[in-house]
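Trainee: Below you'll find coords39.cif; it's mmCIF, C-alpha atoms and all ligand atoms.
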data_protein
#
loop_
_atom_site.label_atom_id
_atom_site.label_comp_id
_atom_site.auth_asym_id
_atom_site.auth_seq_id
_atom_site.Cartn_x
_atom_site.Cartn_y
_atom_site.Cartn_z
CA MET W 22 -1.47 -33.55 25.20
CA SER W 23 -4.82 -33.29 23.44
CA LEU W 24 -7.61 -35.42 24.80
CA ASN W 25 -7.54 -38.03 22.08
CA SER W 26 -3.80 -38.35 21.65
CA ARG W 27 -1.64 -41.22 22.81
CA PRO W 28 0.27 -40.68 26.12
CA SER W 29 3.73 -39.43 25.27
CA ALA W 30 5.47 -42.29 27.12
CA GLU W 31 3.86 -44.69 24.62
CA ARG W 32 5.31 -42.89 21.60
CA VAL W 33 8.54 -43.62 19.80
CA HIS W 34 11.13 -41.02 20.88
CA ILE W 35 13.31 -39.57 18.12
CA GLY W 36 16.30 -37.53 19.31
CA PHE W 37 18.39 -35.10 17.24
CA PHE W 38 22.02 -34.75 18.30
CA GLY W 39 25.13 -33.05 16.95
CA MET W 40 27.42 -30.04 17.25
CA ARG W 41 26.09 -26.54 17.71
CA ASN W 42 25.01 -24.88 14.48
CA ALA W 43 25.02 -28.12 12.50
CA GLY W 44 21.36 -27.40 11.78
CA LYS W 45 19.65 -29.82 14.19
CA SER W 46 16.80 -27.44 14.96
CA SER W 47 16.41 -26.57 11.28
CA ILE W 48 16.14 -30.26 10.40
CA VAL W 49 13.61 -30.84 13.18
CA ASN W 50 11.49 -28.09 11.66
CA ALA W 51 11.94 -29.45 8.13
CA VAL W 52 11.11 -33.02 9.15
CA THR W 53 8.08 -32.03 11.18
CA GLY W 54 6.93 -29.32 8.80
CA GLN W 55 6.42 -27.10 11.84
CA ASN W 56 8.38 -24.51 13.71
CA VAL W 57 9.02 -26.79 16.66
CA ALA W 58 12.55 -25.64 17.33
CA ILE W 59 14.20 -22.25 17.43
CA VAL W 60 16.70 -21.81 14.63
CA SER W 61 19.44 -19.26 14.88
CA ASP W 62 22.91 -18.68 13.56
CA PHE W 63 23.94 -17.77 17.08
CA ALA W 64 25.59 -20.94 18.36
CA GLY W 65 23.90 -22.50 21.38
CA THR W 66 20.38 -21.21 20.91
CA THR W 67 18.74 -24.48 21.87
CA THR W 68 19.73 -24.43 25.51
CA ASP W 69 17.63 -27.26 26.90
CA PRO W 70 16.23 -30.30 25.16
CA VAL W 71 12.96 -29.32 23.46
CA LYS W 72 10.31 -32.03 23.20
CA LYS W 73 7.29 -32.07 21.00
CA THR W 74 4.67 -34.74 20.42
CA MET W 75 3.34 -35.06 16.90
CA GLU W 76 2.15 -37.37 14.14
CA LEU W 77 5.06 -38.18 11.86
CA LEU W 78 3.73 -39.89 8.76
CA PRO W 79 3.98 -42.69 7.79
CA LEU W 80 5.13 -43.68 11.28
CA GLY W 81 2.36 -42.31 13.49
CA PRO W 82 2.61 -40.64 16.90
CA VAL W 83 6.16 -39.76 18.01
CA VAL W 84 8.05 -37.50 20.39
CA ILE W 85 10.70 -35.32 18.75
CA ILE W 86 13.59 -34.26 20.98
CA ASP W 87 15.78 -31.37 19.83
CA THR W 88 18.94 -31.13 21.94
CA PRO W 89 21.56 -28.44 22.47
CA GLY W 90 24.98 -28.95 20.87
CA LEU W 91 27.50 -31.47 22.14
CA ASP W 92 30.04 -28.64 22.26
CA ASP W 93 28.22 -26.19 24.49
CA GLU W 94 30.73 -24.07 26.41
CA GLY W 95 31.28 -23.10 30.03
CA GLU W 96 29.88 -24.56 33.20
CA LEU W 97 26.25 -24.03 32.15
CA GLY W 98 27.09 -25.44 28.74
CA ALA W 99 28.57 -28.58 30.28
CA MET W 100 25.36 -29.06 32.21
CA ARG W 101 23.32 -28.75 29.04
CA VAL W 102 25.52 -31.27 27.29
CA LYS W 103 24.95 -33.63 30.20
CA ARG W 104 21.21 -33.16 29.84
CA ALA W 105 21.45 -33.80 26.12
CA MET W 106 23.31 -37.02 26.84
CA ARG W 107 20.64 -38.09 29.30
CA GLU W 108 18.05 -37.61 26.58
CA LEU W 109 19.92 -40.34 24.79
CA ASN W 110 18.52 -42.83 27.30
CA ARG W 111 15.01 -41.90 26.29
CA THR W 112 15.77 -42.04 22.61
CA ASP W 113 14.50 -44.91 20.49
CA VAL W 114 16.05 -43.62 17.28
CA ALA W 115 18.83 -41.01 17.09
CA VAL W 116 19.50 -38.63 14.23
CA VAL W 117 23.10 -37.43 14.33
CA VAL W 118 23.40 -34.20 12.39
CA VAL W 119 26.78 -33.27 10.88
CA ASP W 120 27.53 -29.97 9.17
CA ALA W 121 28.64 -31.10 5.69
CA GLN W 122 31.06 -28.20 5.53
CA LYS W 123 32.85 -29.39 8.67
CA GLY W 124 32.49 -33.16 8.60
CA GLU W 125 32.72 -35.54 11.57
CA ASN W 126 34.93 -34.66 14.52
CA GLU W 127 35.97 -36.59 17.64
CA GLN W 128 32.77 -35.75 19.54
CA ILE W 129 30.59 -37.10 16.76
CA LYS W 130 32.69 -40.27 16.59
CA LYS W 131 32.36 -40.72 20.37
CA LEU W 132 28.62 -40.17 20.16
CA VAL W 133 28.28 -42.76 17.40
CA GLN W 134 30.31 -45.20 19.50
CA LEU W 135 28.05 -44.58 22.51
CA LEU W 136 24.93 -45.14 20.40
CA GLY W 137 26.40 -48.48 19.35
CA GLN W 138 27.06 -49.45 23.00
CA LYS W 139 23.53 -48.52 24.00
CA GLU W 140 22.13 -50.35 20.98
CA ILE W 141 20.23 -47.27 19.85
CA PRO W 142 19.65 -47.28 16.09
CA TYR W 143 20.86 -44.05 14.53
CA ILE W 144 21.03 -42.18 11.26
CA LEU W 145 24.08 -40.11 10.40
CA VAL W 146 22.97 -37.22 8.27
CA TYR W 147 25.03 -34.53 6.55
CA ASN W 148 23.22 -31.22 6.54
CA LYS W 149 23.74 -28.04 4.51
CA CYS W 150 24.27 -29.99 1.29
CA ASP W 151 23.29 -26.84 -0.55
CA LEU W 152 26.69 -25.53 0.58
CA ALA W 153 28.84 -28.67 0.54
CA HIS W 154 28.39 -32.20 -0.73
CA ALA W 155 29.50 -35.31 1.16
CA GLU W 156 30.11 -38.35 -1.01
CA GLY W 157 28.42 -41.58 0.06
CA LYS W 158 26.51 -39.95 2.95
CA LEU W 159 22.85 -39.26 3.51
CA CYS W 160 22.88 -35.60 2.46
CA VAL W 161 20.08 -33.19 3.28
CA SER W 162 19.47 -29.49 3.27
CA ALA W 163 17.10 -28.08 5.85
CA LYS W 164 17.19 -24.94 3.76
CA THR W 165 16.11 -26.33 0.36
CA GLY W 166 14.33 -29.44 1.63
CA GLU W 167 16.60 -31.74 -0.36
CA GLY W 168 16.82 -35.25 1.14
CA ILE W 169 14.32 -34.53 3.93
CA GLU W 170 11.75 -37.05 2.61
CA GLN W 171 14.46 -39.69 2.47
CA LEU W 172 15.48 -38.88 6.06
CA LYS W 173 11.85 -39.21 7.20
CA ALA W 174 11.55 -42.59 5.50
CA GLU W 175 14.76 -43.74 7.17
CA ILE W 176 13.53 -42.56 10.60
CA ALA W 177 10.25 -44.45 10.05
CA ARG W 178 12.12 -47.60 9.01
CA LEU W 179 14.27 -47.63 12.17
CA ALA W 180 11.47 -46.55 14.49
CA ALA W 181 8.77 -49.00 13.39
CA PRO W 182 10.11 -52.01 15.37
CA LYS W 183 10.54 -49.77 18.44
CA GLN W 184 6.81 -49.40 18.99
CA ASN W 185 5.91 -51.22 22.21
CA THR W 186 3.84 -54.26 21.22
CA LYS W 187 3.59 -55.62 24.76
CA ARG W 188 0.23 -55.37 26.49
CA VAL W 189 -0.71 -54.31 30.01
CA VAL W 190 -3.09 -57.21 30.77
CA ALA W 191 -4.62 -58.35 27.49
CA ASP W 192 -2.51 -61.52 27.38
CA LEU W 193 -3.88 -62.61 30.78
CA ILE W 194 -7.54 -62.37 29.91
CA GLU W 195 -9.96 -63.45 27.21
CA LYS W 196 -13.04 -62.05 25.57
CA GLY W 197 -15.96 -62.25 27.99
CA ASP W 198 -13.76 -62.31 31.10
CA PHE W 199 -14.49 -60.15 34.07
CA VAL W 200 -11.85 -58.17 35.99
CA VAL W 201 -12.18 -56.30 39.29
CA LEU W 202 -10.02 -53.21 39.80
CA VAL W 203 -9.38 -51.80 43.27
CA THR W 204 -8.36 -48.17 43.59
CA PRO W 205 -8.36 -46.51 46.98
CA ILE W 206 -9.34 -42.85 46.83
CA ASP W 207 -7.57 -41.02 49.63
CA GLU W 208 -6.53 -37.40 50.05
CA SER W 209 -3.38 -37.99 47.99
CA ALA W 210 -5.33 -39.27 44.96
CA PRO W 211 -5.72 -36.71 42.15
CA LYS W 212 -9.05 -34.90 42.17
CA GLY W 213 -11.84 -35.93 39.83
CA ARG W 214 -10.10 -38.54 37.71
CA LEU W 215 -8.27 -41.84 37.58
CA ILE W 216 -4.50 -42.02 37.10
CA LEU W 217 -2.82 -43.16 33.91
CA PRO W 218 -1.97 -46.77 34.90
CA GLN W 219 -5.60 -47.33 35.84
CA GLN W 220 -6.87 -45.75 32.62
CA GLN W 221 -4.50 -47.79 30.48
CA THR W 222 -5.42 -51.02 32.25
CA ILE W 223 -9.15 -50.38 31.76
CA ARG W 224 -8.56 -49.58 28.11
CA ASP W 225 -6.58 -52.78 27.59
CA ILE W 226 -9.40 -54.78 29.20
CA LEU W 227 -11.93 -53.11 26.89
CA ASP W 228 -9.71 -53.78 23.86
CA SER W 229 -9.79 -57.47 24.78
CA GLY W 230 -13.58 -57.63 24.78
CA ALA W 231 -13.51 -58.25 28.53
CA SER W 232 -15.20 -56.04 31.11
CA SER W 233 -14.23 -54.55 34.43
CA ILE W 234 -15.70 -53.09 37.54
CA VAL W 235 -13.82 -50.50 39.59
CA CYS W 236 -14.25 -50.11 43.35
CA GLN W 237 -12.51 -48.93 46.50
CA PRO W 238 -11.19 -51.49 49.03
CA GLU W 239 -14.13 -50.76 51.34
CA GLU W 240 -16.58 -51.89 48.64
CA LEU W 241 -14.58 -54.90 47.48
CA ALA W 242 -16.16 -57.60 49.67
CA ASP W 243 -19.68 -56.54 48.67
CA THR W 244 -18.70 -56.19 45.04
CA LEU W 245 -17.31 -59.73 44.92
CA LYS W 246 -20.44 -61.02 46.63
CA THR W 247 -22.92 -59.31 44.29
CA LEU W 248 -20.99 -60.28 41.17
CA GLY W 249 -22.33 -63.82 41.18
CA LYS W 250 -19.46 -64.74 38.87
CA LYS W 251 -15.83 -65.40 39.74
CA PRO W 252 -13.62 -62.67 38.28
CA LYS W 253 -10.68 -63.78 36.16
CA LEU W 254 -8.43 -61.37 37.95
CA VAL W 255 -8.39 -58.75 40.70
CA ILE W 256 -5.97 -55.88 40.13
CA THR W 257 -5.33 -53.59 43.07
CA ASP W 258 -3.46 -50.42 43.66
CA SER W 259 -0.31 -51.58 45.47
CA GLN W 260 -0.92 -49.47 48.55
CA ALA W 261 -4.03 -51.54 49.37
CA PHE W 262 -2.35 -54.89 48.70
CA GLY W 263 -2.40 -56.08 52.31
CA ARG W 264 -6.05 -55.29 52.91
CA VAL W 265 -7.22 -56.48 49.53
CA SER W 266 -5.42 -59.83 49.76
CA LYS W 267 -7.41 -60.65 52.90
CA ILE W 268 -10.70 -59.96 51.12
CA VAL W 269 -10.06 -61.73 47.80
CA PRO W 270 -10.50 -65.54 48.14
CA GLU W 271 -7.29 -67.52 47.53
CA ASP W 272 -8.68 -69.14 44.38
CA ILE W 273 -8.96 -65.78 42.62
CA THR W 274 -5.81 -64.42 40.98
CA LEU W 275 -4.66 -61.17 42.54
CA THR W 276 -2.03 -58.76 41.25
CA SER W 277 -1.37 -55.01 41.18
CA PHE W 278 -1.25 -52.21 38.63
CA SER W 279 2.42 -51.60 39.24
CA ILE W 280 3.33 -55.29 38.85
CA LEU W 281 1.52 -55.22 35.50
CA PHE W 282 3.45 -52.09 34.57
CA VAL W 283 6.91 -53.32 35.48
CA ARG W 284 6.16 -56.31 33.26
CA TYR W 285 4.94 -53.99 30.50
CA LYS W 286 7.82 -51.47 30.60
CA GLY W 287 10.65 -52.89 32.64
CA ASP W 288 11.90 -56.27 33.83
CA LEU W 289 9.50 -58.11 36.15
CA ASN W 290 11.87 -61.02 36.73
CA PHE W 291 14.64 -58.71 37.94
CA ALA W 292 12.15 -56.86 40.14
CA ALA W 293 10.95 -60.15 41.66
CA ARG W 294 14.52 -61.16 42.46
CA GLY W 295 15.26 -57.74 43.97
CA ALA W 296 12.49 -57.98 46.58
CA ALA W 297 14.51 -60.35 48.76
CA GLN W 298 16.96 -57.50 49.41
CA LEU W 299 14.31 -55.91 51.64
CA ASP W 300 15.03 -58.66 54.19
CA LYS W 301 18.78 -57.94 54.19
CA LEU W 302 18.84 -54.20 54.81
CA GLN W 303 21.11 -53.08 57.65
CA ASN W 304 21.60 -49.92 59.67
CA GLY W 305 23.08 -47.16 57.51
CA ASP W 306 22.08 -48.74 54.18
CA ARG W 307 20.82 -46.42 51.48
CA VAL W 308 17.67 -47.13 49.47
CA LEU W 309 16.56 -45.18 46.40
CA ILE W 310 12.85 -44.76 45.76
CA SER W 311 12.24 -43.46 42.26
CA GLU W 312 9.11 -42.30 40.55
CA GLY W 313 8.31 -41.40 36.94
CA CYS W 314 5.97 -38.47 37.55
CA THR W 315 7.25 -34.93 37.36
CA HIS W 316 4.88 -32.34 38.73
CA HIS W 317 1.77 -33.99 40.02
CA ARG W 318 2.61 -37.14 41.82
CA GLN W 319 -0.14 -39.30 40.43
CA CYS W 320 0.65 -42.25 42.62
CA GLY W 321 0.05 -40.03 45.63
CA ASP W 322 2.30 -40.43 48.63
CA ILE W 323 3.20 -44.11 48.15
CA GLY W 324 6.85 -43.35 47.41
CA THR W 325 7.34 -40.51 49.87
CA VAL W 326 5.30 -41.69 52.87
CA LYS W 327 3.75 -45.16 52.63
CA LEU W 328 6.74 -47.14 51.32
CA PRO W 329 9.28 -45.58 53.71
CA ALA W 330 6.94 -46.38 56.63
CA LEU W 331 6.53 -49.98 55.44
CA ILE W 332 10.30 -50.37 55.08
CA ARG W 333 10.87 -49.04 58.56
CA LYS W 334 8.37 -51.53 59.92
CA HIS W 335 9.72 -54.41 57.83
CA THR W 336 13.31 -53.85 58.97
CA GLY W 337 12.26 -53.56 62.60
CA GLY W 338 13.09 -49.87 62.80
CA LYS W 339 16.60 -50.06 61.32
CA GLU W 340 18.14 -46.77 60.27
CA ILE W 341 17.72 -46.87 56.52
CA ARG W 342 18.57 -43.73 54.53
CA ILE W 343 15.97 -43.26 51.85
CA ASP W 344 16.52 -40.98 48.85
CA PHE W 345 13.67 -40.05 46.55
CA THR W 346 13.77 -38.98 42.91
CA SER W 347 10.97 -38.19 40.52
CA GLY W 348 10.37 -37.44 36.86
CA GLY W 349 13.40 -37.55 34.59
CA ASP W 350 15.77 -37.55 37.57
CA PHE W 351 17.64 -40.75 38.13
CA PRO W 352 21.20 -40.83 39.52
CA GLU W 353 23.91 -41.47 36.96
CA ASP W 354 25.66 -43.63 39.54
CA VAL W 355 23.54 -45.93 41.70
CA SER W 356 26.40 -47.97 43.16
CA GLY W 357 25.95 -46.42 46.63
CA TYR W 358 22.50 -47.94 47.04
CA LYS W 359 21.66 -51.30 48.54
CA LEU W 360 18.27 -51.34 46.82
CA ILE W 361 16.25 -49.36 44.28
CA ILE W 362 12.44 -49.38 44.39
CA HIS W 363 10.79 -47.97 41.28
CA CYS W 364 7.18 -47.10 40.53
CA GLY W 365 5.34 -48.68 37.60
CA GLY W 366 6.82 -45.98 35.36
CA CYS W 367 3.69 -45.40 33.29
CA MET W 368 4.88 -41.87 32.42
CA LEU W 369 8.27 -43.09 31.23
CA ASN W 370 8.94 -44.84 27.97
CA GLU W 371 10.12 -48.42 27.81
CA ARG W 372 13.65 -47.44 26.82
CA GLU W 373 14.00 -45.19 29.89
CA MET W 374 12.68 -47.91 32.23
CA LEU W 375 14.99 -50.50 30.73
CA TRP W 376 17.92 -48.08 30.90
CA ARG W 377 17.28 -47.50 34.61
CA THR W 378 17.09 -51.24 35.10
CA ARG W 379 20.40 -51.72 33.28
CA CYS W 380 22.05 -49.02 35.44
CA ALA W 381 21.07 -51.11 38.48
CA MET W 382 22.22 -54.38 36.90
CA ASP W 383 25.57 -52.84 35.86
CA ALA W 384 26.17 -51.63 39.41
CA ASN W 385 25.02 -54.95 40.95
CA VAL W 386 22.28 -53.15 42.85
CA PRO W 387 19.00 -55.06 43.25
CA MET W 388 16.04 -53.14 41.88
CA THR W 389 12.42 -53.88 42.62
CA ASN W 390 9.08 -52.21 42.09
CA TYR W 391 6.40 -50.55 44.25
CA GLY W 392 3.91 -53.38 43.84
CA VAL W 393 6.49 -56.15 44.16
CA ALA W 394 8.00 -54.57 47.29
CA ILE W 395 4.65 -53.97 48.96
CA ALA W 396 3.46 -57.49 48.12
CA HIS W 397 6.69 -58.90 49.55
CA MET W 398 6.40 -56.91 52.78
CA ASN W 399 2.79 -58.09 53.13
CA GLY W 400 3.85 -61.70 52.63
CA ILE W 401 1.78 -62.08 49.45
CA LEU W 402 4.45 -61.85 46.74
CA ARG W 403 4.06 -65.45 45.60
CA ARG W 404 0.36 -65.01 45.29
CA SER W 405 0.60 -61.75 43.34
CA LEU W 406 3.16 -63.23 40.93
CA ALA W 407 1.12 -66.39 40.33
CA PRO W 408 0.14 -65.33 36.79
CA PHE W 409 3.84 -64.94 35.91
CA PRO W 410 5.67 -68.27 36.30
CA GLU W 411 9.02 -66.90 35.10
CA ALA W 412 9.01 -64.22 37.81
CA LEU W 413 7.92 -66.78 40.42
CA LYS W 414 11.03 -68.85 39.70
CA GLU W 415 13.14 -65.84 40.75
CA LEU W 416 11.85 -66.26 44.30
CA ASP W 417 13.39 -69.72 44.78
N1 LIG W 501 22.74 -23.06 4.01
C1 LIG W 501 22.15 -23.76 4.95
N2 LIG W 501 22.07 -23.26 6.21
C2 LIG W 501 21.48 -24.02 7.17
C3 LIG W 501 20.94 -25.29 6.88
N3 LIG W 501 20.43 -25.80 8.03
C4 LIG W 501 20.63 -24.87 9.00
N4 LIG W 501 21.27 -23.78 8.47
C5 LIG W 501 21.67 -22.59 9.22
O1 LIG W 501 22.63 -22.96 10.23
C6 LIG W 501 22.45 -22.16 11.38
C7 LIG W 501 22.25 -23.05 12.60
O2 LIG W 501 21.02 -23.73 12.49
P1 LIG W 501 20.28 -24.39 13.74
O3 LIG W 501 19.19 -25.22 13.19
O4 LIG W 501 19.94 -23.38 14.76
O5 LIG W 501 21.47 -25.30 14.30
P2 LIG W 501 21.54 -26.16 15.67
O6 LIG W 501 22.40 -25.39 16.60
O7 LIG W 501 22.23 -27.45 15.27
O8 LIG W 501 20.16 -26.41 16.14
C8 LIG W 501 21.25 -21.24 11.09
O9 LIG W 501 21.73 -20.00 10.66
C9 LIG W 501 20.53 -21.96 9.97
O10 LIG W 501 19.81 -21.07 9.16
C10 LIG W 501 21.04 -25.79 5.52
O11 LIG W 501 20.61 -26.89 5.18
N5 LIG W 501 21.66 -24.99 4.63
S1 LIG W 502 4.94 -42.67 36.48
FE1 LIG W 502 5.00 -43.87 38.34
S2 LIG W 502 4.33 -42.48 39.97
FE2 LIG W 502 3.66 -41.62 38.01
S3 LIG W 502 1.56 -42.39 37.70
FE3 LIG W 502 2.97 -43.75 36.61
S4 LIG W 502 3.39 -45.37 38.05
FE4 LIG W 502 2.54 -43.67 39.25
MG MG W 503 19.31 -25.92 17.94
#
Now that the file is in, can you turn its structure into structure tokens?
Ligand SMILES: Nc1nc2c(ncn2[C@@H]2O[C@H](COP(=O)(O)OP(=O)(O)O)[C@@H](O)[C@H]2O)c(=O)[nH]1
Ligand code: SF4
Ligand SMILES: [Mg+2]
Mentor:
Amino acid sequence: MSLNSRPSAERVHIGFFGMRNAGKSSIVNAVTGQNVAIVSDFAGTTTDPVKKTMELLPLGPVVIIDTPGLDDEGELGAMRVKRAMRELNRTDVAVVVVDAQKGENEQIKKLVQLLGQKEIPYILVYNKCDLAHAEGKLCVSAKTGEGIEQLKAEIARLAAPKQNTKRVVADLIEKGDFVVLVTPIDESAPKGRLILPQQQTIRDILDSGASSIVCQPEELADTLKTLGKKPKLVITDSQAFGRVSKIVPEDITLTSFSILFVRYKGDLNFAARGAAQLDKLQNGDRVLISEGCTHHRQCGDIGTVKLPALIRKHTGGKEIRIDFTSGGDFPEDVSGYKLIIHCGGCMLNEREMLWRTRCAMDANVPMTNYGVAIAHMNGILRRSLAPFPEALKELD
């Protein structure tokens, strides 16, 4: 990611799917005008999904996902197909590539059906039209470039409404408002910088013509005192919720970064409802804690250390089995869990967060969020949801 580009989770994700050798990678290259994908006439060359961020005009910043074929063979192949299918859950717009010489087979029909179920808009495109023509279909040739402009226009048309128009905090504040942000810096915080949810929140405040001050919990009392003006909002890192709530006077609205993010990307109302499950956990119950970061856990040890400790305390030392997943990992089947607790998901796109939420809803498993769970266990959930009346209703 270059320094001035948009975070990839904020971009529209365009996935290319189809049988091996249909020309998916060739079309990706033709559409992007770059050699993003490896093209080969040896079937199964694209072994893992390849992702690339780029500007796709006239649409703007996107992520292109080139996947292996739906017909990859053997045990390894089956795994790759599974990974390709998981990419579907991150896809805002799908391009289904059919070899015009071969036409649509059962797998393509199944894929199209699945796209319909998941309400993912898709484009069915017949490639290799320099070799065979398909009547009444969108025909392209990655080789000659025929139809590629039309395909790009169609992608842009379907992708435009998929751009996230929700805001992190802008709808809660006005020009001239003042916001205090609390971010503890402990040994698990990344060195020398702020993490993405904090950066995005600050940016959204700036975009609103409001201003913010950032401090650690230790400095909060003094900061509030010296301000001389009541802040519109205090936003804290969830891990300091308990401490911070004691410092911030009751008449000042208090919420957390991760509550703002579940509202922005996921389903805050569902997360609010899910918190009550923390009071019902029994010996032997399984809880899934899931995080969106892959390599560097930006949210530090909240998910691996702080939350499990809080849960143990909250349940009075009950034997709760806690599983942890991070990055793109999220179990296909969550029915074995009594509760899922997810981070704010700032590194995931909205579709992925909503898909995870739907997996939980389908399996009747309550799902909540880091900030919501921590606020609940500190007895301050009502207070931290005060700016969101719809979510508050879920607590009654
Ligand atoms: N004639 C012709 N060959 C193509 C076209 N698109 C791809 N190919 C060839 O089909 C083979 C498979 O292409 P590739 O993009 O790797 O397919 P993938 O497996 O779907 O990613 C390669 O030999 C390409 O050169 C096309 O539009 N016309
Ligand atoms: S994806 Fe989750 S764990 Fe990673 S920085 Fe964002 S909120 Fe924190
Ligand atoms: Mg390929």
Trainee: Quick one: residues within 6 Å of Gly295 of chain W, only C-alpha atoms counted, chain neighbours fewer than 4 positions away excluded, as a PyMOL selection string?
Mentor: chain W and resi 387-389
Trainee: What's the 6 Å shell around segment 148-165 of chain W, counting all atoms listed in the file, without same-chain residues fewer than 3 positions away, as a ChimeraX atom specification?
Mentor: /W:47-48,51,119-122,168-169
Trainee: Skip Ala292 of chain W itself and residues of its chain fewer than 3 positions away, then list as a compact mmCIF listing (two decimals) with C-alpha atoms, keeping the file's coordinate frame all residues within 9 Å of it, counting all atoms listed in the file.
Mentor:
# COMPACT_ATOMS: atom_id res chain seq x y z
CA VAL W 283 6.91 -53.32 35.48
CA GLY W 287 10.65 -52.89 32.64
CA ASP W 288 11.90 -56.27 33.83
CA LEU W 289 9.50 -58.11 36.15
CA GLY W 295 15.26 -57.74 43.97
CA ALA W 296 12.49 -57.98 46.58
CA ILE W 362 12.44 -49.38 44.39
CA PRO W 387 19.00 -55.06 43.25
CA MET W 388 16.04 -53.14 41.88
CA THR W 389 12.42 -53.88 42.62
CA ASN W 390 9.08 -52.21 42.09
CA VAL W 393 6.49 -56.15 44.16
CA ALA W 394 8.00 -54.57 47.29
CA ALA W 412 9.01 -64.22 37.81
Trainee: Could you tell me how far atom CA of Lys139 of chain W sits from atom CA of Trp376 of chain W, in Å to one decimal place?
Mentor: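 Going from atom CA of Trp376 of chain W over to atom CA of Lys139 of chain W, I get 8.9 Å.
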Trainee: Show me a table, sorted first by chain and then by increasing residue number, of the residues of chain W having an atom at most 7 Å from ligand LIG 502 (chain W), each with its shortest atom pair and the distance in Å to one decimal, counting only C-alpha atoms and all ligand atoms and written as JSON lines.
Mentor:
{"residue": "W:Ile216", "atom": "CA", "partner": "W:LIG502", "partner_atom": "S3", "distance": 6.1}
{"residue": "W:Leu217", "atom": "CA", "partner": "W:LIG502", "partner_atom": "S3", "distance": 5.8}
{"residue": "W:Pro218", "atom": "CA", "partner": "W:LIG502", "partner_atom": "FE3", "distance": 6.0}
{"residue": "W:Ser279", "atom": "CA", "partner": "W:LIG502", "partner_atom": "S4", "distance": 6.4}
{"residue": "W:Glu312", "atom": "CA", "partner": "W:LIG502", "partner_atom": "S2", "distance": 4.8}
{"residue": "W:Gly313", "atom": "CA", "partner": "W:LIG502", "partner_atom": "S1", "distance": 3.6}
{"residue": "W:Cys314", "atom": "CA", "partner": "W:LIG502", "partner_atom": "FE2", "distance": 3.9}
{"residue": "W:Arg318", "atom": "CA", "partner": "W:LIG502", "partner_atom": "S2", "distance": 5.9}
{"residue": "W:Gln319", "atom": "CA", "partner": "W:LIG502", "partner_atom": "S3", "distance": 4.5}
{"residue": "W:Cys320", "atom": "CA", "partner": "W:LIG502", "partner_atom": "FE4", "distance": 4.1}
{"residue": "W:Cys364", "atom": "CA", "partner": "W:LIG502", "partner_atom": "FE1", "distance": 4.5}
{"residue": "W:Gly365", "atom": "CA", "partner": "W:LIG502", "partner_atom": "S4", "distance": 3.9}
{"residue": "W:Gly366", "atom": "CA", "partner": "W:LIG502", "partner_atom": "S1", "distance": 4.0}
{"residue": "W:Cys367", "atom": "CA", "partner": "W:LIG502", "partner_atom": "FE3", "distance": 3.8}
{"residue": "W:Met368", "atom": "CA", "partner": "W:LIG502", "partner_atom": "S1", "distance": 4.1}
{"residue": "W:Leu369", "atom": "CA", "partner": "W:LIG502", "partner_atom": "S1", "distance": 6.2}
Trainee: Go ahead and save the picked residues with C-alpha atoms, as a PDB file, in the coordinates of the input.
Mentor:
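So again-v7.pdb came out as:
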ATOM      1  CA  ILE W 216      -4.500 -42.020  37.100  1.00  0.00           C
ATOM      2  CA  LEU W 217      -2.820 -43.160  33.910  1.00  0.00           C
ATOM      3  CA  PRO W 218      -1.970 -46.770  34.900  1.00  0.00           C
ATOM      4  CA  SER W 279       2.420 -51.600  39.240  1.00  0.00           C
ATOM      5  CA  GLU W 312       9.110 -42.300  40.550  1.00  0.00           C
ATOM      6  CA  GLY W 313       8.310 -41.400  36.940  1.00  0.00           C
ATOM      7  CA  CYS W 314       5.970 -38.470  37.550  1.00  0.00           C
ATOM      8  CA  ARG W 318       2.610 -37.140  41.820  1.00  0.00           C
ATOM      9  CA  GLN W 319      -0.140 -39.300  40.430  1.00  0.00           C
ATOM     10  CA  CYS W 320       0.650 -42.250  42.620  1.00  0.00           C
ATOM     11  CA  CYS W 364       7.180 -47.100  40.530  1.00  0.00           C
ATOM     12  CA  GLY W 365       5.340 -48.680  37.600  1.00  0.00           C
ATOM     13  CA  GLY W 366       6.820 -45.980  35.360  1.00  0.00           C
ATOM     14  CA  CYS W 367       3.690 -45.400  33.290  1.00  0.00           C
ATOM     15  CA  MET W 368       4.880 -41.870  32.420  1.00  0.00           C
ATOM     16  CA  LEU W 369       8.270 -43.090  31.230  1.00  0.00           C
TER      17      LEU W 369
END
Trainee: Taking into account all atoms listed in the file, which residue in the set W:Gln55, W:Thr88, W:Thr378, W:Gln260 is nearest to ligand LIG 501 (chain W)?
Mentor: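 Looking only at the distances to ligand LIG 501 (chain W), the closest residue turns out to be W:Thr88.
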Trainee: Using all atoms listed in the file for the distances, tell me which of W:Leu91, W:Val203, W:Ile223, W:Val52 is nearest to ligand MG 503 (chain W).
Mentor: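 The answer is W:Leu91, which sits nearest to ligand MG 503 (chain W).
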Trainee: Got a sec: who's within 9 Å of Gly197 of chain W, counting all atoms listed in the file, leaving out chain neighbours fewer than 3 positions off, as a PDB file with C-alpha atoms, in the frame of the given file?
Mentor:
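The resulting selection35.pdb:
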ATOM      1  CA  ILE W 194      -7.540 -62.370  29.910  1.00  0.00           C
ATOM      2  CA  SER W 229      -9.790 -57.470  24.780  1.00  0.00           C
ATOM      3  CA  GLY W 230     -13.580 -57.630  24.780  1.00  0.00           C
ATOM      4  CA  ALA W 231     -13.510 -58.250  28.530  1.00  0.00           C
ATOM      5  CA  SER W 232     -15.200 -56.040  31.110  1.00  0.00           C
TER       6      SER W 232
END
